[in-house]
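Shown next: my_file_22.txt, given as compact mmCIF, C-alpha atoms.
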```
# COMPACT_ATOMS: atom_id res chain seq x y z
CA MET L 14 -1.45 -1.89 18.25
CA SER L 15 -3.95 -4.13 16.53
CA ARG L 16 -4.79 -3.15 12.98
CA ALA L 17 -7.76 -5.48 12.68
CA PRO L 18 -10.25 -2.60 12.18
CA THR L 19 -8.24 -1.16 9.31
CA ARG L 20 -6.73 -4.17 7.60
CA ALA L 21 -9.68 -4.49 5.24
CA TRP L 22 -9.30 -0.87 4.12
CA ALA L 23 -6.36 -1.50 1.86
CA ARG L 24 -8.20 -4.28 0.09
CA ALA L 25 -10.97 -1.93 -1.01
CA ALA L 26 -11.50 0.25 -4.08
CA GLY L 27 -9.06 -1.64 -6.26
CA LEU L 28 -6.15 -0.94 -3.93
CA ARG L 29 -4.76 -4.46 -3.92
CA VAL L 30 -2.17 -3.02 -6.27
CA VAL L 31 1.05 -4.96 -6.28
CA ALA L 32 3.22 -3.80 -9.16
CA ALA L 33 6.86 -4.17 -10.09
CA ALA L 34 8.85 -1.04 -9.36
CA ALA L 35 11.99 -1.99 -11.26
CA LEU L 36 10.72 -1.97 -14.83
CA VAL L 37 13.12 0.02 -16.98
CA CYS L 38 12.79 0.25 -20.70
CA ALA L 39 12.09 -2.50 -23.22
CA CYS L 40 10.73 -5.98 -23.36
CA GLY L 41 14.03 -7.43 -22.25
CA ASP L 42 14.11 -5.07 -19.28
CA LEU L 43 10.84 -6.56 -18.09
CA GLN L 44 12.93 -9.44 -16.81
CA ARG L 45 14.05 -7.12 -14.03
CA ALA L 46 10.47 -6.46 -12.95
CA ARG L 47 9.98 -9.57 -10.85
CA ARG L 48 9.87 -8.08 -7.39
CA PRO L 49 6.30 -7.12 -6.50
CA ASP L 50 5.47 -4.06 -4.47
CA PRO L 51 3.16 -4.56 -1.49
CA ALA L 52 -0.32 -3.19 -1.66
CA PRO L 53 -1.06 0.09 0.00
CA ARG L 54 -3.14 -0.20 3.12
CA ALA L 55 -5.22 2.29 4.94
CA GLN L 56 -3.35 3.74 7.87
CA ALA L 57 -4.85 3.73 11.34
CA ALA L 58 -7.77 6.10 11.57
CA ALA L 59 -8.76 8.44 14.36
CA LYS L 60 -10.80 5.65 15.94
CA ASP L 61 -7.62 3.70 16.69
CA ASP L 62 -6.10 6.40 18.90
CA PRO L 63 -7.51 6.79 22.45
CA ALA L 64 -7.02 10.57 22.43
CA ALA L 65 -8.11 11.10 18.86
CA ASN L 66 -11.78 11.90 19.31
CA LEU L 67 -11.37 14.20 22.30
CA ASP L 68 -12.05 17.18 20.04
CA LEU L 69 -15.50 15.80 19.18
CA THR L 70 -18.00 17.18 21.66
CA GLY L 71 -21.44 16.23 20.34
CA PRO L 72 -23.17 12.86 20.03
CA GLN L 73 -24.31 13.56 16.45
CA ALA L 74 -20.75 14.00 15.22
CA ARG L 75 -19.63 10.87 17.05
CA ALA L 76 -22.54 8.94 15.50
CA ALA L 77 -21.52 10.15 12.03
CA MET L 78 -17.96 9.03 12.67
CA ASP L 79 -19.20 5.60 13.73
CA GLN L 80 -21.20 5.40 10.51
CA GLY L 81 -18.00 6.15 8.62
CA TYR L 82 -16.12 3.38 10.40
CA ALA L 83 -18.98 0.95 9.68
CA ALA L 84 -18.80 1.89 5.99
CA ILE L 85 -15.08 1.19 6.01
CA GLN L 86 -15.71 -2.28 7.39
CA ARG L 87 -18.02 -2.84 4.40
CA GLU L 88 -15.28 -1.46 2.14
CA ASP L 89 -17.69 1.29 1.05
CA TRP L 90 -15.36 4.27 0.77
CA ALA L 91 -17.92 6.57 -0.84
CA ALA L 92 -20.26 6.11 2.13
CA ALA L 93 -17.33 6.61 4.52
CA GLU L 94 -16.45 9.88 2.80
CA GLN L 95 -20.01 11.17 3.19
CA ALA L 96 -20.17 10.16 6.85
CA PHE L 97 -16.92 11.94 7.69
CA ARG L 98 -18.11 15.01 5.78
CA ARG L 99 -21.26 15.02 7.91
CA ALA L 100 -19.16 14.82 11.06
CA HIS L 101 -17.00 17.70 9.85
CA ALA L 102 -20.06 19.80 9.05
CA LEU L 103 -21.40 19.20 12.56
CA GLU L 104 -18.09 20.07 14.24
CA PRO L 105 -15.94 22.08 11.82
CA ASP L 106 -13.32 22.84 14.47
CA ALA L 107 -12.64 19.14 15.17
CA ALA L 108 -9.64 17.54 13.49
CA ALA L 109 -10.66 13.86 13.69
CA PRO L 110 -13.29 14.02 10.91
CA LEU L 111 -10.79 15.72 8.62
CA LEU L 112 -8.17 13.05 9.31
CA ASP L 113 -10.55 10.25 8.40
CA LEU L 114 -11.93 12.19 5.45
CA GLY L 115 -8.38 12.50 4.14
CA ILE L 116 -7.85 8.75 4.50
CA ALA L 117 -11.12 7.99 2.71
CA LEU L 118 -10.30 10.36 -0.15
CA THR L 119 -6.88 8.77 -0.53
CA GLU L 120 -8.50 5.36 -0.84
CA LEU L 121 -10.82 6.80 -3.50
CA GLY L 122 -7.82 8.07 -5.46
CA ARG L 123 -8.67 11.76 -4.92
CA THR L 124 -5.32 12.71 -3.49
CA ASP L 125 -5.53 16.47 -4.02
CA GLU L 126 -8.71 16.62 -1.94
CA ALA L 127 -7.18 14.26 0.61
CA LEU L 128 -4.12 16.45 1.09
CA GLU L 129 -6.32 19.53 1.48
CA ALA L 130 -8.41 17.83 4.18
CA LEU L 131 -5.29 16.71 6.03
CA ALA L 132 -3.75 20.18 5.79
CA ARG L 133 -6.90 21.61 7.33
CA ALA L 134 -6.65 19.05 10.13
CA LEU L 135 -3.11 20.19 10.84
CA ARG L 136 -4.16 23.82 10.94
CA LEU L 137 -6.59 22.97 13.74
CA ALA L 138 -3.82 21.58 15.94
CA PRO L 139 -1.94 23.86 18.33
CA ALA L 140 1.78 23.09 18.37
CA HIS L 141 1.74 21.81 21.97
CA THR L 142 -1.15 19.45 21.17
CA ARG L 143 0.78 17.93 18.29
CA ALA L 144 3.57 16.98 20.66
CA VAL L 145 1.33 14.96 23.00
CA ASN L 146 -1.60 13.74 20.91
CA PRO L 147 -0.82 10.66 18.80
CA MET L 148 -3.49 11.63 16.29
CA TRP L 149 -1.14 14.16 14.74
CA ARG L 150 1.35 11.43 13.98
CA ARG L 151 -1.49 9.64 12.19
CA VAL L 152 -2.14 12.79 10.19
CA ASP L 153 1.47 12.79 9.01
CA ILE L 154 1.26 9.11 8.05
CA ALA L 155 -1.98 9.82 6.18
CA ARG L 156 -0.34 12.74 4.37
CA ALA L 157 2.62 10.55 3.39
CA ASN L 158 0.31 7.86 2.00
CA ALA L 159 -1.62 10.44 0.00
CA LEU L 160 1.61 11.92 -1.34
CA LEU L 161 2.91 8.51 -2.39
CA GLN L 162 -0.43 7.72 -4.01
CA ALA L 163 -0.06 10.99 -5.93
CA GLY L 164 3.45 10.04 -7.04
CA ASP L 165 5.44 12.39 -4.79
CA ARG L 166 7.73 9.88 -3.13
CA ALA L 167 10.26 12.52 -2.05
CA ALA L 168 7.68 14.45 -0.03
CA ALA L 169 6.36 11.22 1.47
CA ARG L 170 9.86 10.20 2.51
CA ALA L 171 10.51 13.64 4.03
CA LEU L 172 7.51 13.17 6.30
CA LEU L 173 8.14 9.56 7.27
CA GLU L 174 11.86 9.42 8.03
CA PRO L 175 11.79 11.95 10.91
CA LEU L 176 8.60 10.34 12.20
CA THR L 177 10.10 6.85 12.36
CA GLN L 178 13.24 8.20 14.02
CA ALA L 179 11.24 10.02 16.69
CA HIS L 180 8.65 7.25 17.15
CA PRO L 181 10.14 3.86 16.22
CA GLU L 182 7.08 2.18 17.72
CA LEU L 183 4.87 3.38 14.85
CA GLY L 184 4.52 0.31 12.66
CA ASP L 185 2.24 2.10 10.19
CA ALA L 186 4.94 4.72 9.59
CA TRP L 187 7.59 2.05 8.98
CA TYR L 188 5.27 0.21 6.59
CA ALA L 189 4.59 3.38 4.62
CA LEU L 190 8.32 4.14 4.52
CA GLY L 191 8.99 0.64 3.17
CA ARG L 192 6.59 1.31 0.31
CA VAL L 193 8.36 4.61 -0.37
CA PHE L 194 11.73 2.84 -0.61
CA LEU L 195 10.25 0.30 -3.02
CA ALA L 196 8.95 3.17 -5.11
CA TYR L 197 12.57 4.40 -5.24
CA GLY L 198 13.70 0.92 -6.31
CA ARG L 199 15.64 0.32 -3.08
CA PRO L 200 14.50 -3.09 -1.85
CA GLY L 201 17.23 -3.39 0.78
CA MET L 202 16.15 -0.20 2.52
CA ALA L 203 12.53 -1.26 2.11
CA ALA L 204 13.24 -4.57 3.81
CA GLY L 205 14.78 -2.74 6.77
CA ALA L 206 11.64 -0.63 7.12
CA PHE L 207 9.36 -3.66 6.93
CA TRP L 208 11.46 -5.47 9.55
CA SER L 209 11.00 -2.42 11.81
CA ALA L 210 7.26 -2.54 11.21
CA LEU L 211 7.29 -6.19 12.30
CA ASP L 212 9.33 -5.29 15.36
CA ALA L 213 6.57 -2.83 16.26
CA ASP L 214 3.84 -5.42 15.62
CA PRO L 215 4.93 -9.04 14.95
CA GLU L 216 1.39 -9.87 13.78
CA ASP L 217 1.40 -7.23 11.05
CA ASP L 218 0.62 -9.30 7.95
CA ASP L 219 0.89 -6.29 5.63
CA ALA L 220 4.46 -5.66 6.75
CA LEU L 221 5.23 -9.35 6.25
CA ARG L 222 3.87 -9.16 2.69
CA GLY L 223 6.06 -6.15 2.08
CA LEU L 224 9.11 -7.86 3.48
CA VAL L 225 8.68 -10.93 1.29
CA ALA L 226 8.22 -8.69 -1.74
CA ALA L 227 11.31 -6.62 -0.94
CA LEU L 228 13.49 -9.70 -0.52
CA ALA L 229 12.14 -11.71 -3.47
CA ASN L 230 15.15 -10.85 -5.65
CA ALA L 231 17.48 -12.30 -3.01
CA PRO L 232 15.90 -15.72 -2.53
CA ASP L 233 19.06 -17.35 -1.19
CA SER L 234 19.53 -14.85 1.62
CA PRO L 235 18.84 -15.86 5.23
CA GLU L 236 16.55 -12.85 5.51
CA PHE L 237 14.33 -14.15 2.70
CA ALA L 238 14.34 -17.63 4.22
CA GLU L 239 13.08 -16.20 7.53
CA ALA L 240 10.46 -14.02 5.86
CA ALA L 241 9.30 -16.95 3.71
CA ARG L 242 9.05 -19.19 6.76
CA ARG L 243 6.76 -16.70 8.48
CA ALA L 244 4.71 -16.06 5.35
CA GLU L 245 4.20 -19.77 4.66
CA ALA L 246 2.89 -20.20 8.20
CA ARG L 247 0.45 -17.27 8.07
CA LEU L 248 -0.18 -16.27 4.46
CA ALA L 249 0.38 -19.36 2.34
CA ASP L 250 -2.45 -18.64 -0.14
CA ASP L 251 -2.19 -14.86 -0.12
CA PRO L 252 -1.90 -13.48 -3.71
CA ASP L 253 0.84 -11.01 -2.74
CA VAL L 254 2.89 -13.76 -1.15
CA LEU L 255 2.30 -16.16 -4.05
CA THR L 256 3.53 -13.45 -6.42
CA ALA L 257 6.63 -12.80 -4.32
CA PHE L 258 7.43 -16.51 -4.15
CA GLY L 259 6.99 -16.67 -7.91
CA SER L 260 9.50 -13.84 -8.28
CA ALA L 261 11.95 -15.72 -6.10
CA LEU L 262 11.56 -18.87 -8.20
CA GLU L 263 12.10 -16.89 -11.40
CA SER L 264 15.35 -15.50 -10.07
CA ARG L 265 16.46 -19.11 -9.64
CA GLY L 266 15.50 -19.94 -13.22
CA ARG L 267 12.46 -22.01 -12.25
CA VAL L 268 10.12 -20.24 -14.66
CA GLY L 269 7.52 -22.99 -14.94
CA GLU L 270 6.99 -23.14 -11.19
CA ALA L 271 6.88 -19.35 -11.03
CA ARG L 272 4.21 -19.29 -13.72
CA ASP L 273 2.10 -21.71 -11.69
CA LEU L 274 2.32 -19.39 -8.68
CA TYR L 275 1.35 -16.32 -10.70
CA GLU L 276 -1.64 -18.21 -12.07
CA ARG L 277 -2.61 -19.23 -8.53
CA ALA L 278 -2.35 -15.61 -7.42
CA LEU L 279 -4.62 -14.53 -10.26
CA ALA L 280 -7.10 -17.26 -9.42
CA ARG L 281 -7.25 -15.84 -5.89
CA ALA L 282 -7.29 -12.19 -7.01
CA PRO L 283 -8.26 -11.73 -10.67
CA GLY L 284 -6.46 -8.77 -12.17
CA HIS L 285 -3.74 -8.72 -9.50
CA PRO L 286 -1.37 -6.26 -11.22
CA SER L 287 2.02 -7.66 -10.24
CA ALA L 288 1.06 -11.25 -10.97
CA SER L 289 -0.45 -10.05 -14.25
CA LEU L 290 2.73 -8.24 -15.26
CA ASN L 291 5.05 -11.10 -14.40
CA LEU L 292 2.81 -13.66 -16.07
CA ALA L 293 2.52 -11.42 -19.14
CA ARG L 294 6.29 -11.30 -19.45
CA ILE L 295 6.61 -15.08 -19.25
CA ILE L 296 3.81 -15.65 -21.75
CA HIS L 297 5.19 -12.95 -24.04
CA GLU L 298 8.56 -14.69 -24.17
CA ALA L 299 7.02 -18.13 -24.65
CA ASP L 300 3.95 -17.51 -26.82
CA GLY L 301 4.12 -13.96 -28.16
CA LEU L 302 2.43 -10.66 -27.46
CA LYS L 303 -1.06 -11.66 -28.52
CA ALA L 304 -1.30 -14.26 -25.76
CA ALA L 305 0.28 -11.92 -23.21
CA ARG L 306 -1.81 -8.85 -24.05
CA PRO L 307 -4.69 -9.44 -21.54
CA TYR L 308 -2.21 -9.69 -18.67
CA TYR L 309 -0.30 -6.57 -19.70
CA GLU L 310 -3.61 -4.73 -19.90
CA ALA L 311 -4.58 -5.92 -16.41
CA PHE L 312 -1.36 -4.46 -15.05
CA VAL L 313 -1.99 -1.11 -16.75
CA ARG L 314 -5.49 -0.95 -15.25
CA GLY L 315 -4.25 -1.60 -11.73
CA ALA L 316 -0.98 0.33 -11.54
CA LEU L 317 -0.48 3.18 -9.09
CA PRO L 318 0.17 6.81 -10.13
CA TRP L 319 3.85 6.68 -9.19
CA GLN L 320 4.25 3.72 -11.56
CA LYS L 321 3.46 5.85 -14.60
CA GLY L 322 6.86 5.13 -16.13
CA THR L 323 6.24 1.41 -15.93
CA VAL L 324 2.78 1.83 -17.42
CA ASP L 325 4.20 3.88 -20.29
CA GLU L 326 6.74 1.15 -21.04
CA VAL L 327 4.07 -1.53 -21.09
CA ARG L 328 1.89 0.60 -23.35
CA GLU L 329 4.78 0.91 -25.79
CA ILE L 330 4.99 -2.86 -25.86
CA LEU L 331 1.23 -3.15 -26.41
CA GLU L 332 1.37 -0.66 -29.28
CA SER L 333 4.34 -2.35 -30.92
CA THR L 334 2.14 -5.01 -32.54
CA PRO L 335 -1.52 -4.58 -33.50
```
Representation of the structure as structure tokens:
Amino acid sequence: MSRAPTRAWARAAGLRVVAAAALVCACGDLQRARRPDPAPRAQAAAKDDPAANLDLTGPQARAAMDQGYAAIQREDWAAAEQAFRRAHALEPDAAAPLLDLGIALTELGRTDEALEALARALRLAPAHTRAVNPMWRRVDIARANALLQAGDRAAARALLEPLTQAHPELGDAWYALGRVFLAYGRPGMAAGAFWSALDADPEDDDALRGLVAALANAPDSPEFAEAARRAEARLADDPDVLTAFGSALESRGRVGEARDLYERALARAPGHPSASLNLARIIHEADGLKAARPYYEAFVRGALPWQKGTVDEVREILESTP
């Protein structure tokens, strides 16, 4: 399935968050934080499923949904939220507006509201409908993304693993599961999930970014070589890929070249959290905390909720010297 309509969603509202998941405890431990984590992306919305909008009966609700999708293309999540709320008000017994409202709220960082909207969507679905309508699988993927955004990786994993086993063709589910495994600090399992996402859709650039990130700490492996070959062909100047390649170079001791790549990533995406964190660590070691401080602060601003431990560690470093 093409994800062209939704690929821009994950780039909106500051969600190009690529942060190291392996940070442990002190400045020296930051050396283990090289592997970036791929940015979250918006999962496929109701519009992407042929059967999804069958529960919408009126033209006004459909028009409101279309306005929501247009707002998403503009990366205007606040407008999308309002459009999906209008559609829900017009047809309160339809699940599709609630699904897309949940996705929009997740992108806005309002995960409690998102999970409530998605729970209401599920309550509208008879059990037999869930078995045959692919929209309900999208609801579960949306719930998992909201849970991970909220920091509940265990609940997200509990939703995604049975879904990928029952429906291995769902690339979005595999991608989300890969992000969950990275949140657990299990890059090998994450790489397997991202490979499965690419099996489902070989043109899935987000899954390719995730794969390169997951394998960056094993730069001599044949798997990384294959992922790098694909990424160089399709995503050579992508900030996520530049950051992952920088991580790979660091693991080989080529710190100067890695620094150049992190700086290129930041030139392409100012404030990119993972590039900021890795560059901060290099500068900190070479030139001291004062020079590194702006990059540490950029990471703190962009980190995801489930990276609170990493943020706390960086804040300790920032507070260690006035």
Ala130 in chain L surroundings by all atoms listed in the file, 9 Å radius, close-in-sequence under 2 positions cut, as a list in words:
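Residues meeting the cut-off are Leu111, Leu112, Asp113, Leu114, Gly115, Leu118, Asp125, Glu126, Ala127, Leu128, Ala132, Arg133, Ala134 and Leu135 of chain L.
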Can you spit out the residues from that selection as an mmCIF file, in the frame of the given file, using C-alpha atoms?
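Dumped everything to selection_22.cif:
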```cif
data_model
loop_
_atom_site.group_PDB
_atom_site.id
_atom_site.type_symbol
_atom_site.label_atom_id
_atom_site.label_comp_id
_atom_site.auth_asym_id
_atom_site.auth_seq_id
_atom_site.Cartn_x
_atom_site.Cartn_y
_atom_site.Cartn_z
ATOM 1 C CA LEU L 111 -10.790 15.720 8.620
ATOM 2 C CA LEU L 112 -8.170 13.050 9.310
ATOM 3 C CA ASP L 113 -10.550 10.250 8.400
ATOM 4 C CA LEU L 114 -11.930 12.190 5.450
ATOM 5 C CA GLY L 115 -8.380 12.500 4.140
ATOM 6 C CA LEU L 118 -10.300 10.360 -0.150
ATOM 7 C CA ASP L 125 -5.530 16.470 -4.020
ATOM 8 C CA GLU L 126 -8.710 16.620 -1.940
ATOM 9 C CA ALA L 127 -7.180 14.260 0.610
ATOM 10 C CA LEU L 128 -4.120 16.450 1.090
ATOM 11 C CA ALA L 132 -3.750 20.180 5.790
ATOM 12 C CA ARG L 133 -6.900 21.610 7.330
ATOM 13 C CA ALA L 134 -6.650 19.050 10.130
ATOM 14 C CA LEU L 135 -3.110 20.190 10.840
#
```
Atom-to-atom span, CA of Ser260 in chain L and CA of Leu302 in chain L, Å
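Pair CA of Ser260 in chain L / CA of Leu302 in chain L returns 20.7 Å.
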Kindly provide the residues of range 174-237 of chain L that approach range 308-328 of chain L to within 12 Å, each paired with its closest atom pair and their distance in Å to one decimal, based on all atoms listed in the file, listed by chain and increasing number, as CSV.
```
residue,atom,partner,partner_atom,distance
L:Arg192,CA,L:Trp319,CA,11.3
L:Val193,CA,L:Trp319,CA,10.1
L:Leu195,CA,L:Trp319,CA,10.9
L:Ala196,CA,L:Trp319,CA,7.4
L:Tyr197,CA,L:Trp319,CA,9.8
L:Gly198,CA,L:Gln320,CA,11.2
```
Tell me, in Å to one decimal, how far CA of Ala213 in chain L is from CA of Gly184 in chain L.
5.2 Å
Counting only C-alpha atoms, what is within 12 Å of range 264-269 of chain L, bar same-chain residues fewer than 4 positions away, as number ranges by chain?
L: 44-48, 228-233, 257-260, 273-276, 291-292, 294-296, 298-299
Among the residues L:Asp250, L:Arg75, L:Glu182, L:Gly201, the one that comes closest to Glu236 in chain L [using all atoms listed in the file]:
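Checking each of L:Asp250, L:Arg75, L:Glu182, L:Gly201 against Glu236 in chain L, counting all atoms listed in the file, the winner is L:Gly201.
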Using only C-alpha atoms, pick whichever of L:Ala117, L:Ala163, L:Ala108, L:Leu279 has the shortest atom-to-atom distance to Arg136 in chain L.
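Answer, going by the shortest atom-to-atom distance: L:Ala108.
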Neighbouring residues of Arg243 in chain L were defined as those with any atom within 8 Å, considering only C-alpha atoms; residues of the same chain fewer than 4 positions away were excluded. Please report them as a PyMOL selection string.
chain L and resi 221+239+247
Distance criterion (only C-alpha atoms): nearest to Thr256 in chain L out of L:Arg87, L:Glu270, L:Arg306, L:Ala107
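Looking at the shortest contact to Thr256 in chain L, the residue is L:Glu270.
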Quick one: what's the axis-aligned box for range 78-92 of chain L, all listed atoms, 6 Å on every side, centre and edges in Å to one decimal, as JSON?
```
{"center_x": -18.1, "center_y": 3.1, "center_z": 6.4, "size_x": 18.1, "size_y": 23.9, "size_z": 26.6}
```
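Remark: for Ala186 in chain L, the closest of the candidate residues L:Asp214, L:Phe97, L:Leu172, L:Ile154 is L:Ile154 (distances computed over all atoms listed in the file).
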Measuring between all atoms listed in the file, which one of L:Gly223, L:Glu216, L:Ala210, L:Ala84 shows the shortest distance to Ala246 in chain L?
L:Glu216
Provide the CA of Phe237 in chain L to CA of Leu183 in chain L distance in Å, to one decimal place.
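Between these atoms lies a distance of 23.3 Å.
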Between L:Arg151, L:Arg272, L:Arg156, L:Arg222, which residue has the minimum interatomic distance to Glu245 in chain L, considering all atoms listed in the file?
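Closest residue, counting all atoms listed in the file: L:Arg222.
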I'd like the contact shell of Gln95 in chain L - 10 Å cut-off, all atoms listed in the file, skipping same-chain residues fewer than 3 positions apart - returned as a CSV table (one decimal) with C-alpha atoms, in the coordinates of the input.
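around-v2.csv, freshly written:
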```
chain,number,residue,atom,x,y,z
L,77,ALA,CA,-21.5,10.2,12.0
L,78,MET,CA,-18.0,9.0,12.7
L,80,GLN,CA,-21.2,5.4,10.5
L,81,GLY,CA,-18.0,6.2,8.6
L,84,ALA,CA,-18.8,1.9,6.0
L,90,TRP,CA,-15.4,4.3,0.8
L,91,ALA,CA,-17.9,6.6,-0.8
L,92,ALA,CA,-20.3,6.1,2.1
L,98,ARG,CA,-18.1,15.0,5.8
L,99,ARG,CA,-21.3,15.0,7.9
L,100,ALA,CA,-19.2,14.8,11.1
L,101,HIS,CA,-17.0,17.7,9.8
L,114,LEU,CA,-11.9,12.2,5.4
L,117,ALA,CA,-11.1,8.0,2.7
```
Counting all atoms listed in the file, which residues sit no farther than 12 Å from the position (11.8, -1.7, 14.5) in the file's frame? I'd like them as a PyMOL selection string.
chain L and resi 177-188+191+204-215+220
Preceding selection exported with C-alpha atoms as an mmCIF file, in the coordinates of the input:
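Output contents, as saved in part37.cif:
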```
data_model
loop_
_atom_site.group_PDB
_atom_site.id
_atom_site.type_symbol
_atom_site.label_atom_id
_atom_site.label_comp_id
_atom_site.auth_asym_id
_atom_site.auth_seq_id
_atom_site.Cartn_x
_atom_site.Cartn_y
_atom_site.Cartn_z
ATOM 1 C CA THR L 177 10.100 6.850 12.360
ATOM 2 C CA GLN L 178 13.240 8.200 14.020
ATOM 3 C CA ALA L 179 11.240 10.020 16.690
ATOM 4 C CA HIS L 180 8.650 7.250 17.150
ATOM 5 C CA PRO L 181 10.140 3.860 16.220
ATOM 6 C CA GLU L 182 7.080 2.180 17.720
ATOM 7 C CA LEU L 183 4.870 3.380 14.850
ATOM 8 C CA GLY L 184 4.520 0.310 12.660
ATOM 9 C CA ASP L 185 2.240 2.100 10.190
ATOM 10 C CA ALA L 186 4.940 4.720 9.590
ATOM 11 C CA TRP L 187 7.590 2.050 8.980
ATOM 12 C CA TYR L 188 5.270 0.210 6.590
ATOM 13 C CA GLY L 191 8.990 0.640 3.170
ATOM 14 C CA ALA L 204 13.240 -4.570 3.810
ATOM 15 C CA GLY L 205 14.780 -2.740 6.770
ATOM 16 C CA ALA L 206 11.640 -0.630 7.120
ATOM 17 C CA PHE L 207 9.360 -3.660 6.930
ATOM 18 C CA TRP L 208 11.460 -5.470 9.550
ATOM 19 C CA SER L 209 11.000 -2.420 11.810
ATOM 20 C CA ALA L 210 7.260 -2.540 11.210
ATOM 21 C CA LEU L 211 7.290 -6.190 12.300
ATOM 22 C CA ASP L 212 9.330 -5.290 15.360
ATOM 23 C CA ALA L 213 6.570 -2.830 16.260
ATOM 24 C CA ASP L 214 3.840 -5.420 15.620
ATOM 25 C CA PRO L 215 4.930 -9.040 14.950
ATOM 26 C CA ALA L 220 4.460 -5.660 6.750
#
```
